[in-house]
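To be precise, the following lines are my_file17.pdb, and they hold PDB, C-alpha atoms.
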ATOM      1  CA  MET A  23      83.226 121.500-182.347
ATOM      2  CA  PHE A  24      82.608 125.190-182.996
ATOM      3  CA  GLY A  25      80.680 127.844-181.130
ATOM      4  CA  THR A  26      79.917 131.559-180.739
ATOM      5  CA  ILE A  27      81.161 133.797-177.922
ATOM      6  CA  ILE A  28      78.231 135.199-175.911
ATOM      7  CA  ASN A  29      80.307 137.133-173.362
ATOM      8  CA  GLY A  30      83.382 136.752-171.198
ATOM      9  CA  THR A  31      85.513 138.151-168.385
ATOM     10  CA  ASN A  32      88.898 137.229-166.916
ATOM     11  CA  ASN A  33      89.655 134.843-169.790
ATOM     12  CA  VAL A  34      86.566 132.690-169.107
ATOM     13  CA  PHE A  35      84.067 132.879-171.934
ATOM     14  CA  CYS A  36      80.472 131.785-172.272
ATOM     15  CA  VAL A  37      80.338 129.897-175.592
ATOM     16  CA  GLU A  38      77.151 128.821-177.327
ATOM     17  CA  CYS A  39      78.309 125.623-179.010
ATOM     18  CA  ASP A  40      76.922 124.190-182.223
ATOM     19  CA  ASP A  41      75.708 121.068-180.389
ATOM     20  CA  GLY A  42      73.135 123.264-178.619
ATOM     21  CA  LYS A  43      74.943 123.449-175.282
ATOM     22  CA  THR A  44      76.410 126.558-173.667
ATOM     23  CA  ARG A  45      79.777 126.057-171.989
ATOM     24  CA  ALA A  46      82.080 128.098-169.756
ATOM     25  CA  CYS A  47      85.360 127.928-171.658
ATOM     26  CA  SER A  48      88.886 128.941-170.795
ATOM     27  CA  LEU A  49      91.624 129.686-173.309
ATOM     28  CA  LYS A  50      93.936 126.782-173.984
ATOM     29  CA  GLY A  51      97.430 128.089-173.351
ATOM     30  CA  LYS A  52      95.815 131.282-171.935
ATOM     31  CA  LYS A  53      96.011 133.078-175.302
ATOM     32  CA  VAL A  54      94.563 132.915-178.786
ATOM     33  CA  LYS A  55      96.732 133.263-181.879
ATOM     34  CA  THR A  56      95.817 136.418-183.769
ATOM     35  CA  GLU A  57      97.580 138.660-186.275
ATOM     36  CA  ARG A  58      97.148 141.640-183.942
ATOM     37  CA  GLN A  59      97.269 142.077-180.183
ATOM     38  CA  PHE A  60      94.111 143.217-178.395
ATOM     39  CA  TYR A  61      93.331 144.178-174.794
ATOM     40  CA  ASN A  62      90.768 141.347-174.850
ATOM     41  CA  PRO A  63      91.440 138.388-177.157
ATOM     42  CA  LEU A  64      87.784 137.601-177.918
ATOM     43  CA  ALA A  65      84.521 139.517-178.233
ATOM     44  CA  PRO A  66      80.816 138.676-178.387
ATOM     45  CA  GLY A  67      80.069 137.342-181.851
ATOM     46  CA  ASP A  68      83.433 135.662-182.351
ATOM     47  CA  ARG A  69      83.410 132.110-183.719
ATOM     48  CA  VAL A  70      85.795 129.733-181.960
ATOM     49  CA  GLN A  71      86.852 126.090-182.012
ATOM     50  CA  VAL A  72      86.013 124.367-178.720
ATOM     51  CA  GLU A  73      87.035 121.163-176.993
ATOM     52  CA  GLU A  74      84.630 119.770-174.380
ATOM     53  CA  ASP A  75      86.020 119.238-170.893
ATOM     54  CA  SER A  76      86.475 115.529-170.207
ATOM     55  CA  LEU A  77      85.052 115.917-166.687
ATOM     56  CA  SER A  78      82.131 118.289-167.300
ATOM     57  CA  GLU A  79      79.909 118.866-170.327
ATOM     58  CA  LYS A  80      79.270 122.395-169.007
ATOM     59  CA  LYS A  81      82.919 123.375-169.445
ATOM     60  CA  GLY A  82      85.443 123.412-172.249
ATOM     61  CA  GLN A  83      88.558 124.961-173.724
ATOM     62  CA  ILE A  84      88.865 127.354-176.634
ATOM     63  CA  LEU A  85      91.421 125.965-179.068
ATOM     64  CA  ALA A  86      91.359 128.559-181.849
ATOM     65  CA  LEU A  87      89.678 131.680-183.179
ATOM     66  CA  CYS A  88      87.934 131.464-186.554
ATOM     67  CA  GLU A  89      88.563 134.222-189.099
ATOM     68  CA  ARG A  90      86.487 137.328-188.402
ATOM     69  CA  LYS A  91      84.229 138.877-191.038
ATOM     70  CA  ASN A  92      84.709 142.219-189.277
ATOM     71  CA  SER A  93      84.966 143.737-185.812
ATOM     72  CA  PHE A  94      84.463 147.007-183.946
ATOM     73  CA  SER A  95      86.921 148.284-181.354
ATOM     74  CA  ARG A  96      88.088 151.331-179.419
ATOM     75  CA  TRP A  97      91.385 152.224-177.730
ATOM     76  CA  ASN A  98      91.774 150.990-174.165
ATOM     77  CA  VAL A  99      93.841 153.407-172.100
ATOM     78  CA  LYS A 100      94.561 150.957-169.290
ATOM     79  CA  GLY A 101      95.961 148.259-171.566
ATOM     80  CA  GLN A 102      97.318 150.614-174.259
ATOM     81  CA  LYS A 103      95.827 148.296-176.879
ATOM     82  CA  PRO A 104      92.697 148.108-179.034
ATOM     83  CA  GLN A 105      89.693 146.735-177.140
ATOM     84  CA  LEU A 106      87.281 144.580-179.128
ATOM     85  CA  LEU A 107      83.607 145.369-178.552
ATOM     86  CA  ALA A 108      81.958 142.992-181.037
ATOM     87  CA  ALA A 109      82.705 140.760-184.025
ATOM     88  CA  ASN A 110      81.060 139.379-187.169
ATOM     89  CA  LEU A 111      78.468 142.127-187.534
ATOM     90  CA  ASP A 112      75.804 143.064-190.028
ATOM     91  CA  PHE A 113      75.120 146.470-188.460
ATOM     92  CA  LEU A 114      76.987 148.935-186.241
ATOM     93  CA  ILE A 115      74.287 150.862-184.373
ATOM     94  CA  LEU A 116      75.412 154.059-182.679
ATOM     95  CA  VAL A 117      72.882 155.167-180.067
ATOM     96  CA  THR A 118      72.540 158.792-179.022
ATOM     97  CA  THR A 119      69.890 161.040-177.442
ATOM     98  CA  PRO A 120      68.663 164.643-177.783
ATOM     99  CA  ALA A 121      68.767 164.967-173.973
ATOM    100  CA  GLU A 122      69.150 162.952-170.758
ATOM    101  CA  PRO A 123      72.117 162.559-171.240
ATOM    102  CA  PRO A 124      72.869 165.660-173.332
ATOM    103  CA  PHE A 125      73.363 165.346-177.097
ATOM    104  CA  ARG A 126      77.082 164.835-177.843
ATOM    105  CA  PRO A 127      77.574 164.938-181.620
ATOM    106  CA  ARG A 128      81.379 165.000-181.462
ATOM    107  CA  PHE A 129      81.381 161.818-179.383
ATOM    108  CA  LEU A 130      79.287 160.213-182.106
ATOM    109  CA  ASP A 131      81.581 161.606-184.820
ATOM    110  CA  ARG A 132      84.452 159.633-183.255
ATOM    111  CA  GLU A 133      82.373 156.455-183.356
ATOM    112  CA  LEU A 134      81.485 157.141-186.998
ATOM    113  CA  ILE A 135      85.161 157.536-187.873
ATOM    114  CA  GLN A 136      86.063 154.265-186.128
ATOM    115  CA  GLY A 137      83.256 152.504-187.980
ATOM    116  CA  GLU A 138      84.394 153.913-191.328
ATOM    117  CA  ALA A 139      87.987 152.871-190.613
ATOM    118  CA  GLN A 140      86.845 149.302-189.889
ATOM    119  CA  ASN A 141      84.752 149.089-193.072
ATOM    120  CA  LEU A 142      81.431 149.066-191.233
ATOM    121  CA  SER A 143      78.356 151.045-192.267
ATOM    122  CA  PRO A 144      77.199 152.858-189.126
ATOM    123  CA  ILE A 145      73.518 153.498-188.413
ATOM    124  CA  ILE A 146      72.634 156.315-186.022
ATOM    125  CA  VAL A 147      69.747 155.570-183.655
ATOM    126  CA  VAL A 148      68.422 158.573-181.749
ATOM    127  CA  ASN A 149      66.686 157.145-178.683
ATOM    128  CA  LYS A 150      64.410 159.267-176.446
ATOM    129  CA  PHE A 151      63.471 161.262-179.545
ATOM    130  CA  ASP A 152      60.329 162.390-177.738
ATOM    131  CA  LEU A 153      62.562 164.612-175.578
ATOM    132  CA  ALA A 154      63.616 166.678-178.612
ATOM    133  CA  GLN A 155      60.413 168.712-178.312
ATOM    134  CA  GLU A 156      61.480 169.881-174.850
ATOM    135  CA  LEU A 157      64.820 171.346-175.951
ATOM    136  CA  PRO A 158      65.317 175.143-175.916
ATOM    137  CA  PRO A 159      64.912 176.564-179.461
ATOM    138  CA  GLU A 160      68.649 177.075-180.087
ATOM    139  CA  GLU A 161      69.551 173.556-178.866
ATOM    140  CA  LYS A 162      66.721 172.019-180.878
ATOM    141  CA  PHE A 163      67.879 173.809-184.037
ATOM    142  CA  ALA A 164      71.499 172.628-183.560
ATOM    143  CA  PHE A 165      70.315 169.073-182.794
ATOM    144  CA  GLU A 166      68.122 168.846-185.900
ATOM    145  CA  ALA A 167      70.823 170.448-188.077
ATOM    146  CA  ARG A 168      73.291 167.751-186.999
ATOM    147  CA  LEU A 169      70.866 164.908-187.766
ATOM    148  CA  GLU A 170      70.077 166.370-191.178
ATOM    149  CA  ASN A 171      73.785 166.792-191.914
ATOM    150  CA  TRP A 172      74.509 163.140-191.092
ATOM    151  CA  GLU A 173      71.647 162.137-193.395
ATOM    152  CA  ARG A 174      73.018 164.305-196.213
ATOM    153  CA  LEU A 175      76.340 162.500-195.804
ATOM    154  CA  GLY A 176      74.570 159.184-196.411
ATOM    155  CA  TYR A 177      74.255 157.926-192.842
ATOM    156  CA  GLU A 178      70.948 156.295-191.950
ATOM    157  CA  VAL A 179      69.348 158.012-188.950
ATOM    158  CA  LYS A 180      66.553 156.302-186.996
ATOM    159  CA  ARG A 181      64.463 158.454-184.647
ATOM    160  CA  VAL A 182      63.052 156.183-181.934
ATOM    161  CA  SER A 183      61.835 156.059-178.347
ATOM    162  CA  ALA A 184      62.036 152.986-176.123
ATOM    163  CA  LYS A 185      59.501 154.739-173.860
ATOM    164  CA  THR A 186      56.778 155.547-176.409
ATOM    165  CA  GLY A 187      57.578 152.924-179.068
ATOM    166  CA  GLU A 188      58.095 155.582-181.749
ATOM    167  CA  GLY A 189      60.150 154.284-184.682
ATOM    168  CA  LEU A 190      60.624 150.796-183.224
ATOM    169  CA  MET A 191      58.682 149.011-185.974
ATOM    170  CA  ASP A 192      61.075 150.421-188.571
ATOM    171  CA  LEU A 193      64.085 149.561-186.392
ATOM    172  CA  ALA A 194      62.821 146.000-185.793
ATOM    173  CA  LYS A 195      62.376 145.497-189.536
ATOM    174  CA  MET A 196      66.004 146.450-190.095
ATOM    175  CA  LEU A 197      67.297 144.198-187.298
ATOM    176  CA  GLN A 198      65.430 141.000-188.135
ATOM    177  CA  GLY A 199      67.645 138.107-189.128
ATOM    178  CA  LYS A 200      70.780 140.215-188.582
ATOM    179  CA  ARG A 201      73.477 140.659-185.923
ATOM    180  CA  SER A 202      73.963 144.189-184.660
ATOM    181  CA  VAL A 203      75.988 145.840-181.914
ATOM    182  CA  LEU A 204      74.646 148.739-179.859
ATOM    183  CA  VAL A 205      77.320 151.278-178.917
ATOM    184  CA  GLY A 206      76.886 154.601-177.186
ATOM    185  CA  HIS A 207      77.426 156.964-174.303
ATOM    186  CA  SER A 208      76.345 155.847-170.820
ATOM    187  CA  GLY A 209      72.644 156.455-170.218
ATOM    188  CA  VAL A 210      71.436 156.631-173.843
ATOM    189  CA  GLY A 211      69.139 153.636-173.268
ATOM    190  CA  LYS A 212      70.706 150.746-175.158
ATOM    191  CA  SER A 213      69.411 148.144-172.699
ATOM    192  CA  SER A 214      66.000 149.829-172.618
ATOM    193  CA  LEU A 215      65.784 149.463-176.396
ATOM    194  CA  VAL A 216      66.609 145.759-176.168
ATOM    195  CA  ASN A 217      64.017 145.241-173.432
ATOM    196  CA  ARG A 218      61.329 146.996-175.490
ATOM    197  CA  LEU A 219      62.153 145.114-178.696
ATOM    198  CA  ASP A 220      61.757 141.764-176.899
ATOM    199  CA  ASN A 221      59.471 141.566-173.874
ATOM    200  CA  SER A 222      61.098 138.325-172.707
ATOM    201  CA  VAL A 223      64.542 139.906-172.269
ATOM    202  CA  VAL A 224      65.248 141.751-169.037
ATOM    203  CA  LEU A 225      68.502 143.700-169.155
ATOM    204  CA  LYS A 226      69.350 145.896-166.202
ATOM    205  CA  THR A 227      68.713 149.595-166.780
ATOM    206  CA  GLY A 228      69.760 152.553-164.671
ATOM    207  CA  SER A 229      68.889 156.149-163.896
ATOM    208  CA  LEU A 230      70.871 159.243-164.762
ATOM    209  CA  SER A 231      73.027 161.231-162.384
ATOM    210  CA  LYS A 232      71.009 164.339-161.493
ATOM    211  CA  LYS A 233      74.141 166.436-161.108
ATOM    212  CA  TYR A 234      75.842 165.596-164.389
ATOM    213  CA  GLY A 235      73.063 164.123-166.546
ATOM    214  CA  ARG A 236      75.197 161.050-167.126
ATOM    215  CA  GLY A 237      74.226 157.414-167.047
ATOM    216  CA  ALA A 238      75.641 154.700-164.830
ATOM    217  CA  HIS A 239      77.324 151.632-166.314
ATOM    218  CA  THR A 240      74.391 149.223-165.896
ATOM    219  CA  THR A 241      75.714 146.835-168.561
ATOM    220  CA  THR A 242      79.061 145.629-167.216
ATOM    221  CA  LYS A 243      80.200 143.503-170.154
ATOM    222  CA  GLY A 244      79.305 143.096-173.803
ATOM    223  CA  THR A 245      76.749 140.336-174.289
ATOM    224  CA  LEU A 246      75.216 138.716-177.363
ATOM    225  CA  VAL A 247      71.451 138.483-176.857
ATOM    226  CA  HIS A 248      69.091 136.445-179.067
ATOM    227  CA  LEU A 249      65.875 138.413-179.469
ATOM    228  CA  THR A 250      62.449 137.214-180.496
ATOM    229  CA  LEU A 251      61.110 140.536-181.651
ATOM    230  CA  ASN A 252      57.971 141.938-180.044
ATOM    231  CA  GLU A 253      55.013 141.157-182.309
ATOM    232  CA  ALA A 254      53.855 144.751-181.907
ATOM    233  CA  PHE A 255      56.859 145.771-184.004
ATOM    234  CA  THR A 256      56.707 142.938-186.583
ATOM    235  CA  GLY A 257      53.183 143.465-187.825
ATOM    236  CA  GLY A 258      51.900 140.598-185.684
ATOM    237  CA  ILE A 259      54.319 138.033-187.119
ATOM    238  CA  LYS A 260      55.523 135.602-184.453
ATOM    239  CA  GLY A 261      59.007 134.185-183.998
ATOM    240  CA  VAL A 262      60.995 136.892-185.835
ATOM    241  CA  ARG A 263      64.575 136.683-184.556
ATOM    242  CA  ALA A 264      67.424 139.155-184.280
ATOM    243  CA  ASP A 265      70.822 139.099-182.560
ATOM    244  CA  ILE A 266      71.923 142.135-180.572
ATOM    245  CA  ILE A 267      75.267 142.690-178.839
ATOM    246  CA  ASP A 268      74.612 145.076-175.955
ATOM    247  CA  THR A 269      77.812 146.840-174.849
ATOM    248  CA  PRO A 270      78.661 148.763-171.652
ATOM    249  CA  GLY A 271      78.069 152.495-171.818
ATOM    250  CA  ILE A 272      81.148 154.489-172.830
ATOM    251  CA  ARG A 273      82.023 157.832-171.266
ATOM    252  CA  ARG A 274      85.147 158.420-173.348
ATOM    253  CA  PHE A 275      85.543 156.955-176.821
ATOM    254  CA  MET A 276      89.142 156.973-178.038
ATOM    255  CA  LEU A 277      89.936 156.098-181.629
ATOM    256  CA  SER A 278      91.893 152.898-182.159
ATOM    257  CA  GLU A 279      94.850 152.724-184.545
ATOM    258  CA  ILE A 280      93.920 155.723-186.689
ATOM    259  CA  PRO A 281      96.870 158.055-187.365
ATOM    260  CA  GLN A 282      96.300 161.804-187.161
ATOM    261  CA  SER A 283      97.111 162.110-190.870
ATOM    262  CA  ASP A 284      94.312 159.666-191.801
ATOM    263  CA  VAL A 285      91.418 161.261-189.925
ATOM    264  CA  ALA A 286      90.303 163.358-192.921
ATOM    265  CA  LEU A 287      89.868 160.160-194.960
ATOM    266  CA  TYR A 288      86.999 159.113-192.714
ATOM    267  CA  PHE A 289      85.029 162.359-192.965
ATOM    268  CA  ARG A 290      82.779 161.636-195.933
ATOM    269  CA  GLU A 291      82.378 165.291-196.907
ATOM    270  CA  PHE A 292      86.177 165.755-196.973
ATOM    271  CA  ARG A 293      86.976 162.884-199.347
ATOM    272  CA  PRO A 294      86.117 164.569-202.686
ATOM    273  CA  LEU A 295      88.422 167.470-201.775
ATOM    274  CA  LEU A 296      91.451 165.566-200.516
ATOM    275  CA  GLY A 297      94.548 166.049-202.664
ATOM    276  CA  LYS A 298      93.113 169.182-204.292
ATOM    277  CA  CYS A 299      94.497 171.693-201.791
ATOM    278  CA  LYS A 300      97.309 174.043-202.825
ATOM    279  CA  PHE A 301      99.790 172.026-200.768
ATOM    280  CA  GLY A 302      98.361 168.671-201.852
ATOM    281  CA  ALA A 303      98.597 165.711-199.499
ATOM    282  CA  SER A 304     100.764 167.681-197.040
ATOM    283  CA  CYS A 305      97.893 170.080-196.215
ATOM    284  CA  THR A 306      96.780 169.773-192.588
ATOM    285  CA  HIS A 307      93.440 171.510-193.332
ATOM    286  CA  THR A 308      93.912 173.823-190.374
ATOM    287  CA  CYS A 309      95.440 177.120-191.544
ATOM    288  CA  GLU A 310      96.829 176.795-195.089
ATOM    289  CA  LEU A 311      95.934 179.213-197.872
ATOM    290  CA  GLY A 312      94.381 177.334-200.762
ATOM    291  CA  CYS A 313      92.967 174.565-198.548
ATOM    292  CA  LYS A 314      89.837 173.280-200.265
ATOM    293  CA  ILE A 315      88.368 171.976-197.034
ATOM    294  CA  LEU A 316      88.716 175.351-195.292
ATOM    295  CA  GLU A 317      87.139 176.999-198.332
ATOM    296  CA  ALA A 318      84.234 174.544-198.146
ATOM    297  CA  VAL A 319      83.738 175.345-194.457
ATOM    298  CA  GLU A 320      83.776 179.073-195.245
ATOM    299  CA  SER A 321      81.164 178.633-197.986
ATOM    300  CA  GLY A 322      78.945 176.446-195.824
ATOM    301  CA  ALA A 323      79.411 173.335-197.964
ATOM    302  CA  ILE A 324      80.933 171.615-194.912
ATOM    303  CA  LEU A 325      79.095 172.092-191.624
ATOM    304  CA  GLY A 326      81.175 174.136-189.226
ATOM    305  CA  ASP A 327      80.460 171.848-186.292
ATOM    306  CA  ARG A 328      81.648 168.796-188.253
ATOM    307  CA  TYR A 329      84.864 170.640-189.106
ATOM    308  CA  GLU A 330      85.263 171.476-185.415
ATOM    309  CA  SER A 331      84.993 167.737-184.715
ATOM    310  CA  PHE A 332      87.817 167.135-187.187
ATOM    311  CA  ARG A 333      89.991 169.773-185.517
ATOM    312  CA  ARG A 334      89.379 168.419-182.024
ATOM    313  CA  ILE A 335      89.895 164.783-182.983
ATOM    314  CA  THR A 336      93.208 165.437-184.727
ATOM    315  CA  GLU A 337      94.359 167.486-181.728
ATOM    316  CA  GLU A 338      93.304 164.729-179.318
ATOM    317  CA  ILE A 339      95.278 162.148-181.295
ATOM    318  CA  ARG A 340      98.306 164.466-181.367
ATOM    319  CA  THR A 341      98.242 165.221-177.625
ATOM    320  CA  GLY A 342      96.647 162.031-176.287
ATOM    321  CA  ASN A 343      94.268 164.210-174.247
ATOM    322  CA  TRP A 344      90.790 162.853-175.055
ATOM    323  CA  LYS A 345      87.611 164.581-173.880
ATOM    324  CA  ASP A 346      84.351 163.002-172.717
TER     325      ASP A 346
END
Using structure tokens, write down the structure from this file.
Amino acid sequence: MFGTIINGTNNVFCVECDDGKTRACSLKGKKVKTERQFYNPLAPGDRVQVEEDSLSEKKGQILALCERKNSFSRWNVKGQKPQLLAANLDFLILVTTPAEPPFRPRFLDRELIQGEAQNLSPIIVVNKFDLAQELPPEEKFAFEARLENWERLGYEVKRVSAKTGEGLMDLAKMLQGKRSVLVGHSGVGKSSLVNRLDNSVVLKTGSLSKKYGRGAHTTTKGTLVHLTLNEAFTGGIKGVRADIIDTPGIRRFMLSEIPQSDVALYFREFRPLLGKCKFGASCTHTCELGCKILEAVESGAILGDRYESFRRITEEIRTGNWKD
């Protein structure tokens, strides 16, 4: 039979099988055949072939991995391999906040690049949007300028609040009937969003560190959750379903399998200018005379802070020294 991975740790995976039963399944032969090697062989959302255990209908073995439609991953430092976060997605939802924890646009830029590289269309969800009004004027201006810039580049930006319910009707409409993964910095409120979207789901949430304004890792492993969306956000319609993969909060997002020379390809505002610099494809877009990207930054056509993200990311790939 076949089934869908809900979650897993230590090579034991919870599989929702097509016969309606959920089984704890181990890997037959302790590995799954794939074209590439990953830190974790399977992720929530993966489809697998399963054999029921002859002694217990609650257990089984995973025989094979079905072909993935897509996946989202990051680089795992410990294993020195890509780490799968989710598979077979309709939406990649990148969650951020204006404050608590602080707004980190360059962290989100890395996630956007990884999504672009894996042929996913990222959607930016700004949770705790109600806190934007409390920002100092300069921070508020920079925050709003970044959101507007992402929108100009064609990214969809949803301004929501799990606390007040702002924007959740629009978000629920987008999610219904789809499978999405929530990815973001620790403390941005991914689990709180899931809990608010479906009153029957209770995912553990945590408080922020007062000293650093950072969140604790309350979600310890990626989990596929079947939501029945709150009727308050569906116009009173009952039984509207959505699948969400809630992932552990990430403090450091490292790009997976993207060479330094390819980073510019995944900055949407850079693409029309690539190959048009004086030194053509060999231009590093850092100091060369006749660089069209540097000229665009100088003229304001490319936001300076986005260019700074490009500079930092390429340097981090070159040195291997990634920042939070």
Per residue of region 61-143 of chain A within 7 Å of region 284-291 of chain A, which atom pair is closest and at what distance in Å (one decimal), using all atoms listed in the file, listed by chain and increasing number, as a Markdown table?
| residue | atom | partner | partner_atom | distance |
| --- | --- | --- | --- | --- |
| A:Ile135 | CA | A:Tyr288 | CA | 5.4 |
| A:Glu138 | CA | A:Tyr288 | CA | 6.0 |
| A:Ala139 | CA | A:Tyr288 | CA | 6.7 |
Who sits within 9 Å of region 326-338 of chain A, all atoms listed in the file, same chain under 5 positions skipped, as a short mmCIF file (atom, residue, chain, number, x, y, z; two decimals) with C-alpha atoms, keeping the file's coordinate frame:
data_model
loop_
_atom_site.label_atom_id
_atom_site.label_comp_id
_atom_site.auth_asym_id
_atom_site.auth_seq_id
_atom_site.Cartn_x
_atom_site.Cartn_y
_atom_site.Cartn_z
CA PRO A 127 77.57 164.94 -181.62
CA ARG A 128 81.38 165.00 -181.46
CA PHE A 129 81.38 161.82 -179.38
CA ASP A 131 81.58 161.61 -184.82
CA ARG A 132 84.45 159.63 -183.26
CA ARG A 168 73.29 167.75 -187.00
CA ASN A 171 73.78 166.79 -191.91
CA MET A 276 89.14 156.97 -178.04
CA LEU A 277 89.94 156.10 -181.63
CA PRO A 281 96.87 158.06 -187.36
CA GLN A 282 96.30 161.80 -187.16
CA SER A 283 97.11 162.11 -190.87
CA VAL A 285 91.42 161.26 -189.92
CA ALA A 286 90.30 163.36 -192.92
CA PHE A 289 85.03 162.36 -192.96
CA HIS A 307 93.44 171.51 -193.33
CA THR A 308 93.91 173.82 -190.37
CA ILE A 315 88.37 171.98 -197.03
CA LEU A 316 88.72 175.35 -195.29
CA VAL A 319 83.74 175.34 -194.46
CA GLU A 320 83.78 179.07 -195.24
CA ASN A 343 94.27 164.21 -174.25
CA TRP A 344 90.79 162.85 -175.06
CA LYS A 345 87.61 164.58 -173.88
#
Seminar exercise, completed: Of A:Gly302, A:Gly187, A:Pro270, A:Pro294, the one sitting nearest Asn252 (chain A) when using all atoms listed in the file is A:Gly187
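The nearest approach to Glu38 (chain A) among the residues A:Val262, A:Leu193, A:Val247, A:Leu107, with all atoms listed in the file taken into account, belongs to A:Val247.
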Problem set entry | d(CA of Gln71 (chain A), CA of Gln105 (chain A)) in Å | 21.4 Å
For this session: Can you work out the spacing between CA of Met23 (chain A) and CA of Val54 (chain A) in Å, to one decimal?
Result: 16.5 Å
For this session: Given the file shown, enumerate the residues that the PyMOL selection byres ((chain A and resi 83-87) around 6) captures and present them as a list in words.
Result: Cys47, Ser48, Leu49, Lys50, Val70, Gln71, Val72, Glu73, Gly82 and Cys88 of chain A
